[in-house]
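Enquirer: Data file upload-v8.cif (mmCIF, C-alpha atoms) is appended below.
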data_entry
#
loop_
_atom_site.label_atom_id
_atom_site.label_comp_id
_atom_site.auth_asym_id
_atom_site.auth_seq_id
_atom_site.Cartn_x
_atom_site.Cartn_y
_atom_site.Cartn_z
CA SER A 1014 82.27 95.69 90.75
CA VAL A 1015 79.34 95.10 88.46
CA GLY A 1016 76.32 94.04 90.49
CA ARG A 1017 73.05 92.69 89.20
CA SER A 1018 71.53 96.16 89.31
CA ALA A 1019 74.07 97.42 86.81
CA GLN A 1020 72.82 94.98 84.18
CA PRO A 1021 70.80 96.62 81.42
CA PRO A 1022 67.08 95.94 81.77
CA ALA A 1023 65.95 92.93 79.75
CA GLU A 1024 62.97 94.88 78.48
CA LYS A 1025 63.20 98.34 76.95
CA PRO A 1026 60.84 100.90 78.52
CA GLY A 1027 59.49 101.82 75.08
CA GLU A 1028 58.41 98.24 74.47
CA ARG A 1029 56.61 98.01 77.76
CA ARG A 1030 54.71 101.20 76.96
CA ARG A 1031 53.84 99.92 73.50
CA ALA A 1032 52.43 96.73 75.02
CA GLU A 1033 50.39 98.70 77.55
CA MET A 1034 49.07 101.01 74.83
CA LYS A 1035 48.07 97.99 72.73
CA LYS A 1036 46.13 96.53 75.64
CA LEU A 1037 44.34 99.82 76.33
CA TYR A 1038 43.71 101.06 72.79
CA GLY A 1039 43.84 97.92 70.61
CA VAL A 1040 44.16 98.68 66.88
CA GLY A 1041 44.06 102.43 67.62
CA ALA A 1042 47.17 102.27 69.84
CA SER A 1043 49.69 103.54 67.29
CA LYS A 1044 47.51 106.53 66.36
CA ILE A 1045 47.07 107.56 70.00
CA GLN A 1046 50.74 106.95 70.78
CA ALA A 1047 51.80 109.15 67.85
CA MET A 1048 49.57 112.00 69.04
CA GLU A 1049 50.81 111.63 72.62
CA THR A 1050 54.46 111.59 71.54
CA THR A 1051 53.99 114.84 69.60
CA MET A 1052 52.43 116.50 72.62
CA GLN A 1053 55.03 115.24 75.10
CA LEU A 1054 57.87 116.37 72.80
CA SER A 1055 56.37 119.82 72.65
CA PHE A 1056 56.00 119.88 76.46
CA ASP A 1057 59.62 118.77 76.96
CA ARG A 1058 60.98 121.20 74.37
CA ASN A 1059 59.08 124.16 75.83
CA CYS A 1060 60.23 123.30 79.36
CA ASP A 1061 63.87 123.00 78.19
CA LYS A 1062 63.73 126.28 76.33
CA LYS A 1063 61.65 128.41 78.71
CA GLN A 1064 62.64 126.89 82.07
CA PRO A 1065 59.19 127.52 83.61
CA LYS A 1066 58.74 127.37 87.38
CA TYR A 1067 55.81 125.73 89.13
CA TRP A 1068 53.04 128.12 90.07
CA PRO A 1069 52.14 128.31 92.80
CA ILE A 1070 55.43 127.13 94.32
CA ILE A 1071 53.58 125.13 96.98
CA PRO A 1072 50.71 122.92 95.74
CA LEU A 1073 47.26 124.31 96.57
CA LYS A 1074 45.96 120.82 97.12
CA LEU A 1075 47.86 117.74 98.24
CA LEU B 706 30.45 74.42 80.37
CA GLY B 707 30.56 72.70 77.00
CA PRO B 708 33.21 73.65 74.44
CA SER B 709 30.76 75.66 72.33
CA SER B 710 29.49 77.81 75.20
CA LEU B 711 33.06 78.33 76.37
CA PHE B 712 33.96 79.47 72.87
CA SER B 713 31.07 81.93 72.71
CA LYS B 714 32.05 83.30 76.10
CA VAL B 715 35.61 83.89 74.92
CA THR B 716 34.47 85.63 71.74
CA ALA B 717 31.93 87.70 73.69
CA ASN B 718 34.73 88.84 76.00
CA ALA B 719 36.94 89.65 73.02
CA ALA B 720 34.15 91.69 71.44
CA GLU B 721 33.55 93.50 74.72
CA LEU B 722 37.28 94.28 75.06
CA GLU B 723 37.36 95.59 71.50
CA ARG B 724 34.35 97.84 72.13
CA GLU B 725 36.04 99.21 75.23
CA GLN B 726 39.29 99.82 73.33
CA GLN B 727 37.46 101.61 70.50
CA GLY B 728 35.61 103.73 73.03
CA ARG B 729 38.85 104.63 74.78
CA VAL B 730 40.47 105.58 71.44
CA ALA B 731 37.54 107.86 70.50
CA LEU B 732 37.49 109.56 73.92
CA ARG B 733 41.26 110.01 74.12
CA GLU B 734 41.66 111.23 70.54
CA ARG B 735 39.05 113.92 71.04
CA TYR B 736 40.66 115.06 74.27
CA LEU B 737 44.14 115.20 72.71
CA ARG B 738 42.73 117.22 69.80
CA SER B 739 41.19 119.68 72.25
CA LEU B 740 44.61 120.19 73.88
CA LEU B 741 46.13 120.86 70.46
CA ALA B 742 43.33 123.34 69.70
CA MET B 743 44.16 125.13 72.96
CA VAL B 744 47.83 125.80 72.08
CA GLY B 745 48.53 129.55 71.95
CA ARG B 746 45.06 130.52 73.20
CA PRO B 747 44.25 132.39 76.40
CA VAL B 748 42.85 129.95 78.94
CA SER B 749 41.16 130.75 82.27
CA PHE B 750 41.96 128.40 85.13
CA THR B 751 39.78 128.01 88.21
CA MET B 752 41.96 126.56 90.91
CA TYR B 753 41.41 125.36 94.46
CA GLU B 754 41.21 127.90 97.30
CA LYS B 755 39.24 130.28 95.03
CA VAL B 756 42.32 131.15 92.99
CA SER B 757 41.69 132.22 89.36
CA VAL B 758 44.38 132.85 86.77
CA THR B 759 44.66 133.20 83.00
CA ALA B 760 47.56 132.20 80.75
CA LEU B 761 48.47 131.30 77.19
CA PHE B 762 48.41 127.50 76.89
CA GLY B 763 51.63 125.86 75.73
CA ALA B 764 51.51 122.10 76.18
CA SER B 765 50.47 119.28 78.48
CA ASP B 766 52.40 116.18 79.44
CA ILE B 767 50.79 112.92 78.27
CA ASP B 768 49.61 111.93 81.73
CA VAL B 769 47.75 115.28 82.02
CA LEU B 770 49.51 116.07 85.30
CA ASN B 771 51.15 119.38 84.26
CA PHE B 772 50.29 122.25 81.91
CA GLN B 773 53.08 124.41 80.56
CA VAL B 774 51.83 128.00 80.11
CA SER B 775 53.14 131.51 79.32
CA GLU B 776 52.14 135.02 80.40
CA LEU B 777 50.47 133.73 83.54
CA GLN B 778 48.38 136.50 85.12
CA THR B 779 48.38 135.81 88.85
CA PRO B 780 46.80 137.90 91.61
CA LEU B 781 50.35 139.07 92.38
CA GLY B 782 51.47 139.94 88.86
CA VAL B 783 52.62 138.27 85.66
CA GLN B 784 54.88 135.23 85.55
CA LYS B 785 56.33 134.93 82.05
CA GLU B 786 56.74 131.14 82.02
CA ALA B 787 55.09 128.66 84.36
CA VAL B 788 53.90 125.11 84.92
CA LEU B 789 50.53 124.51 86.56
CA ARG B 790 49.87 121.27 88.44
CA CYS B 791 46.63 119.74 87.22
CA SER B 792 45.97 118.62 90.80
CA ASP B 793 45.64 122.33 91.75
CA ILE B 794 43.05 122.99 89.01
CA VAL B 795 39.29 122.51 89.36
CA ALA B 796 38.40 123.58 85.81
CA TYR B 797 39.70 125.52 82.81
CA SER B 798 37.98 127.20 79.87
CA PHE B 799 38.73 128.87 76.56
CA GLU B 800 36.86 130.11 73.49
CA LEU B 801 36.92 128.50 70.09
CA MET C 514 39.73 107.73 93.42
CA THR C 515 36.22 109.10 93.04
CA ALA C 516 33.28 107.23 91.52
CA TRP C 517 33.64 109.39 88.39
CA GLN C 518 37.33 108.48 87.96
CA LYS C 519 36.54 104.77 88.35
CA LYS C 520 34.06 104.63 85.46
CA THR C 521 34.93 102.61 82.35
CA PRO C 522 35.33 104.12 78.86
CA LEU C 523 31.97 102.63 77.84
CA GLU C 524 30.31 104.31 80.81
CA TRP C 525 31.95 107.67 79.99
CA LEU C 526 30.81 107.27 76.36
CA THR C 527 27.17 107.33 77.47
CA TYR C 528 27.67 110.99 78.52
CA VAL C 529 29.04 112.12 75.13
CA ASN C 530 26.60 114.36 73.19
CA LYS C 531 24.46 114.87 76.30
CA GLU C 532 23.87 118.20 77.96
CA VAL C 533 24.98 117.85 81.56
CA GLY C 534 25.29 119.78 84.78
CA VAL C 535 28.54 119.11 86.62
CA LEU C 536 28.99 119.69 90.32
CA ALA C 537 32.69 120.20 91.02
CA ALA C 538 34.90 120.69 94.06
CA GLU C 539 34.37 123.78 96.22
CA LYS C 540 30.75 124.03 94.99
CA HIS C 541 31.67 125.11 91.46
CA LYS C 542 28.99 124.28 88.88
CA TYR C 543 29.30 123.87 85.13
CA GLN C 544 26.83 123.16 82.34
CA GLY C 545 27.38 122.20 78.72
CA TRP C 546 27.41 119.54 76.01
CA VAL C 547 29.83 116.70 76.68
CA LEU C 548 32.50 116.50 73.97
CA THR C 549 34.55 113.77 75.58
CA VAL C 550 35.90 112.39 78.81
CA ASP C 551 39.66 111.87 78.78
CA PRO C 552 40.18 108.20 79.73
CA VAL C 553 43.59 109.03 81.27
CA SER C 554 42.62 111.92 83.57
CA ALA C 555 38.79 111.53 83.65
CA ASN C 556 38.65 115.26 82.72
CA ILE C 557 35.20 116.01 81.30
CA LEU C 558 35.17 118.39 78.32
CA LEU C 559 32.09 120.56 77.80
CA ALA C 560 30.99 122.85 74.96
CA HIS C 561 28.74 125.79 75.58
CA PRO C 562 27.52 127.86 72.58
CA LEU C 563 27.94 131.62 73.07
CA GLU C 564 25.71 134.37 71.69
CA ASN C 565 28.53 135.68 69.46
CA GLY C 566 28.54 132.37 67.54
CA LYS C 567 31.70 131.11 69.21
CA MET C 568 31.94 128.09 71.47
CA SER C 569 33.08 128.23 75.05
CA ILE C 570 35.00 125.05 75.90
CA SER C 571 35.37 124.08 79.54
CA ALA C 572 36.99 121.13 81.19
CA VAL C 573 36.32 120.01 84.73
CA LEU C 574 39.26 118.00 86.02
CA GLY C 575 38.48 114.37 86.79
CA HIS C 576 39.66 114.60 90.40
CA ALA C 577 37.35 117.61 90.99
CA VAL C 578 34.17 116.06 89.51
CA GLN C 579 31.65 115.28 92.24
CA ASP C 580 28.45 114.70 90.30
CA VAL C 581 27.36 114.67 86.66
CA GLU C 582 23.67 114.98 85.88
CA ILE C 583 22.37 114.32 82.37
CA LEU C 584 19.86 117.01 81.31
CA THR C 585 19.11 116.42 77.60
CA GLU C 586 20.33 114.58 74.51
CA ALA C 587 21.75 116.51 71.55
CA ASP C 588 19.78 116.63 68.28
CA ASP C 589 21.54 115.71 65.02
CA GLU C 590 22.53 119.30 64.25
CA MET C 591 24.20 119.73 67.64
CA LYS C 592 25.91 116.32 67.34
CA GLU C 593 27.43 117.36 64.00
CA LYS C 594 28.62 120.63 65.50
CA LEU C 595 30.22 118.86 68.46
CA ALA C 596 31.84 116.17 66.33
CA HIS C 597 33.59 118.71 64.11
CA LEU C 598 34.85 121.17 66.73
CA PHE C 599 38.43 119.93 66.92
CA MET C 600 38.74 118.31 63.51
CA PRO C 601 41.49 119.62 61.25
CA GLU C 602 40.13 121.40 58.14
CA GLU C 603 40.93 118.68 55.61
CA MET C 604 39.24 115.97 57.71
CA ARG C 605 36.22 118.21 58.10
CA ARG C 606 35.90 118.44 54.31
CA CYS C 607 36.30 114.68 53.83
CA SER C 608 33.63 113.74 56.32
CA GLN C 609 31.01 116.06 54.84
#
As a first step, turn the structure in this file into C-alpha cells.
Expert:
Amino acid sequence: SVGRSAQPPAEKPGERRRAEMKKLYGVGASKIQAMETTMQLSFDRNCDKKQPKYWPIIPLKL
Amino acid sequence: LGPSSLFSKVTANAAELEREQQGRVALRERYLRSLLAMVGRPVSFTMYEKVSVTALFGASDIDVLNFQVSELQTPLGVQKEAVLRCSDIVAYSFEL
Amino acid sequence: MTAWQKKTPLEWLTYVNKEVGVLAAEKHKYQGWVLTVDPVSANILLAHPLENGKMSISAVLGHAVQDVEILTEADDEMKEKLAHLFMPEEMRRCSQ
C-alpha cells in the first residue's frame, strides 16, 4: 500500500538549499553555490574512485 | 512608532542584513579559494592527542567536515587514500 | 559551540588583515595575518611570510579556537599581498 510517507516531497531538496543560500549570501549566493558544487563534486568523485578509509578508524575526539 | 520611523527601521535592518551577507560572501569565497589552492599540495595536520600527519590534499566536502587526502604519512606507515575528520584536526598548514 | 564559533560574519571580518595570536586546543599556539574566517566552519586562516619568500598558510579549526588576540593591523603593502594570495592569475592582472 502507498502510505503518506511514500509520497514525493512537495519541495525539492535543491530548492530548499537554494533558498537557504539566498538568505545567507544574498546576491552572492549563486557564486558561492557554484564554487561549493565544484568542490563537493570533486570530493564525491575522488571518494568514489579511490575508496578512501577514515583515518584514524576511531575518532580522536568525540 | 510612526510610519516613517518604522520605515527607516525596516530599511536599516535590510541594509544591515545586506552588509552581513556581503561579509559572509567575502569570507566564504576566500576560504573556498584557499581550499582550491591546497589541492595537490603537501599539507601538515596537527590533530588531537598530539598526533601529527602529512598528506597530499585532495578535496573537502562543502560543510568542511571531511578532508579527502592521499599518501597519508601516519606514525604507523603510509595509507595511500584516506579521509580525515575535521573534528579530529586542531590545525593544518601548507606553503604557497 | 564556543564563543568564537558563535560570532557573526561582521565580527569575524574585523579580524581580517590583522596580525593575531591564536590559542588553540591542547595549548597549541599560532601567529599570523588573518586571511579569512570560514563562516561555515569558523576555521581561521592565517598567513605567515617565510624567509625564502614563500608564504606559510595555516588554518586553526573553528572548534579548536580558544582565544584570538589582535596584535597589529596590516599596512597597505601587506593588505595587497594578502588580498591576492588565492586569486587566479587573470583576476590578479585585472585588479592591478
Enquirer: Taking only C-alpha atoms into account, which residues of chain C are within 7 Å of chain B, as a compact mmCIF listing (two decimals) with C-alpha atoms, in the frame of the given file?
Expert:
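Ended up saving to result.txt:
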# COMPACT_ATOMS: atom_id res chain seq x y z
CA PRO C 522 35.33 104.12 78.86
CA LEU C 523 31.97 102.63 77.84
CA LEU C 526 30.81 107.27 76.36
CA ALA C 538 34.90 120.69 94.06
CA THR C 549 34.55 113.77 75.58
CA VAL C 550 35.90 112.39 78.81
CA ASP C 551 39.66 111.87 78.78
CA PRO C 552 40.18 108.20 79.73
CA VAL C 553 43.59 109.03 81.27
CA SER C 554 42.62 111.92 83.57
CA LYS C 567 31.70 131.11 69.21
CA MET C 568 31.94 128.09 71.47
CA SER C 569 33.08 128.23 75.05
CA ILE C 570 35.00 125.05 75.90
CA SER C 571 35.37 124.08 79.54
CA ALA C 572 36.99 121.13 81.19
CA VAL C 573 36.32 120.01 84.73
CA LEU C 574 39.26 118.00 86.02
CA ALA C 577 37.35 117.61 90.99
CA PHE C 599 38.43 119.93 66.92
Enquirer: Within 12 Å of chain C, which residues of chain A show up? Give each one with its shortest atom-to-atom distance in Å (one decimal) and the two atoms involved, counting all atoms listed in the file, rows by chain then rising residue number, as CSV.
Expert:
residue,atom,partner,partner_atom,distance
A:Met1034,CA,C:Val553,CA,11.7
A:Leu1037,CA,C:Pro552,CA,10.0
A:Tyr1038,CA,C:Pro552,CA,10.6
A:Ile1045,CA,C:Val553,CA,11.9
A:Glu1049,CA,C:Val553,CA,11.6
A:Lys1074,CA,C:Ala577,CA,11.0
A:Leu1075,CA,C:His576,CA,11.8
Enquirer: Taking (17.9, 117.4, 79.6) in the file's coordinates, which residues come within 9 Å, counting all atoms listed in the file, written as a list in words?
Expert: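 Those residues lying close to the given coordinates are Lys531, Glu532, Val533, Glu582, Ile583, Leu584, Thr585, Glu586 and Ala587 of chain C.
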Enquirer: Near chain B, which residues of chain A fall within 12 Å when you count all atoms listed in the file, and what do they look like as a ChimeraX atom specification?
Expert: /A:1033-1075
Enquirer: Scan for residues within 6 Å of the point (47.0, 132.5, 73.7) in the coordinates of the file, using all atoms listed in the file, and reply as a short mmCIF file (atom, residue, chain, number, x, y, z; two decimals) with C-alpha atoms, in the coordinates of the input.
Expert:
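Ended up saving to selection32.cif:
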data_model
loop_
_atom_site.label_atom_id
_atom_site.label_comp_id
_atom_site.auth_asym_id
_atom_site.auth_seq_id
_atom_site.Cartn_x
_atom_site.Cartn_y
_atom_site.Cartn_z
CA GLY B 745 48.53 129.55 71.95
CA ARG B 746 45.06 130.52 73.20
CA PRO B 747 44.25 132.39 76.40
CA LEU B 761 48.47 131.30 77.19
#
Enquirer: Interatomic distance between CA of Met514 (chain C) and CA of Trp546 (chain C)?
Expert: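 CA of Met514 (chain C) sits 24.4 Å away from CA of Trp546 (chain C).
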Enquirer: So how far away is CA of Met591 (chain C) from CA of Tyr543 (chain C), in Å?
Expert: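 Here the two named atoms are 18.7 Å from each other.
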Enquirer: Go through C:Ala560, C:Ala555, C:Gln544, C:Gln579 one by one, measure the shortest atom-to-atom distance of each to Thr521 (chain C) using only C-alpha atoms, and give the residue with the smallest value.
Expert: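 Going through C:Ala560, C:Ala555, C:Gln544, C:Gln579 one by one, the smallest distance to Thr521 (chain C) is for C:Ala555.
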Enquirer: Quick one: distance from CA of Glu776 (chain B) to CA of Val758 (chain B) in Å, one decimal?
Expert: 10.3 Å
Enquirer: Using the structure block above, produce a file of chain A that contains C-alpha atoms, as a compact mmCIF listing (two decimals), in the first residue's frame.
Expert:
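Wrote it out as result18.txt, contents follow:
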# COMPACT_ATOMS: atom_id res chain seq x y z
CA SER A 1014 0.00 0.00 0.00
CA VAL A 1015 1.12 3.53 -0.66
CA GLY A 1016 1.29 5.45 2.62
CA ARG A 1017 1.76 9.16 3.08
CA SER A 1018 5.49 8.66 3.53
CA ALA A 1019 5.78 7.24 0.04
CA GLN A 1020 4.56 10.50 -1.49
CA PRO A 1021 7.29 12.50 -3.18
CA PRO A 1022 8.34 15.52 -1.13
CA ALA A 1023 6.47 18.67 -2.12
CA GLU A 1024 9.71 20.62 -2.09
CA LYS A 1025 12.86 19.51 -3.88
CA PRO A 1026 15.97 19.45 -1.67
CA GLY A 1027 17.86 21.57 -4.21
CA GLU A 1028 15.28 24.33 -3.91
CA ARG A 1029 15.45 24.37 -0.16
CA ARG A 1030 19.24 24.70 -0.32
CA ARG A 1031 18.97 27.49 -2.87
CA ALA A 1032 16.59 29.38 -0.58
CA GLU A 1033 18.92 28.91 2.40
CA MET A 1034 21.91 30.06 0.36
CA LYS A 1035 19.99 33.16 -0.76
CA LYS A 1036 19.20 34.03 2.83
CA LEU A 1037 22.82 33.58 3.94
CA TYR A 1038 24.67 35.05 0.96
CA GLY A 1039 22.15 37.38 -0.72
CA VAL A 1040 23.17 38.43 -4.25
CA GLY A 1041 26.42 36.44 -3.92
CA ALA A 1042 24.56 33.14 -3.33
CA SER A 1043 24.88 31.74 -6.86
CA LYS A 1044 28.63 32.45 -6.99
CA ILE A 1045 29.24 30.69 -3.66
CA GLN A 1046 26.94 27.82 -4.57
CA ALA A 1047 28.78 27.27 -7.86
CA MET A 1048 32.15 27.13 -6.08
CA GLU A 1049 30.78 24.77 -3.43
CA THR A 1050 29.23 22.47 -6.03
CA THR A 1051 32.56 22.18 -7.85
CA MET A 1052 34.32 21.27 -4.64
CA GLN A 1053 31.70 18.77 -3.49
CA LEU A 1054 31.71 17.08 -6.92
CA SER A 1055 35.46 16.69 -6.71
CA PHE A 1056 35.17 15.27 -3.17
CA ASP A 1057 32.47 12.78 -4.25
CA ARG A 1058 34.34 11.76 -7.40
CA ASN A 1059 37.62 11.19 -5.54
CA CYS A 1060 35.86 9.15 -2.84
CA ASP A 1061 34.10 7.02 -5.49
CA LYS A 1062 37.31 6.42 -7.40
CA LYS A 1063 39.81 5.98 -4.56
CA GLN A 1064 37.57 4.43 -1.87
CA PRO A 1065 39.48 6.11 0.98
CA LYS A 1066 39.04 4.86 4.55
CA TYR A 1067 38.70 7.10 7.58
CA TRP A 1068 41.94 7.70 9.43
CA PRO A 1069 42.14 7.09 12.24
CA ILE A 1070 39.41 4.45 12.22
CA ILE A 1071 38.13 5.62 15.61
CA PRO A 1072 37.65 9.40 16.02
CA LEU A 1073 40.33 11.04 18.18
CA LYS A 1074 37.78 13.41 19.59
CA LEU A 1075 34.05 12.88 20.03
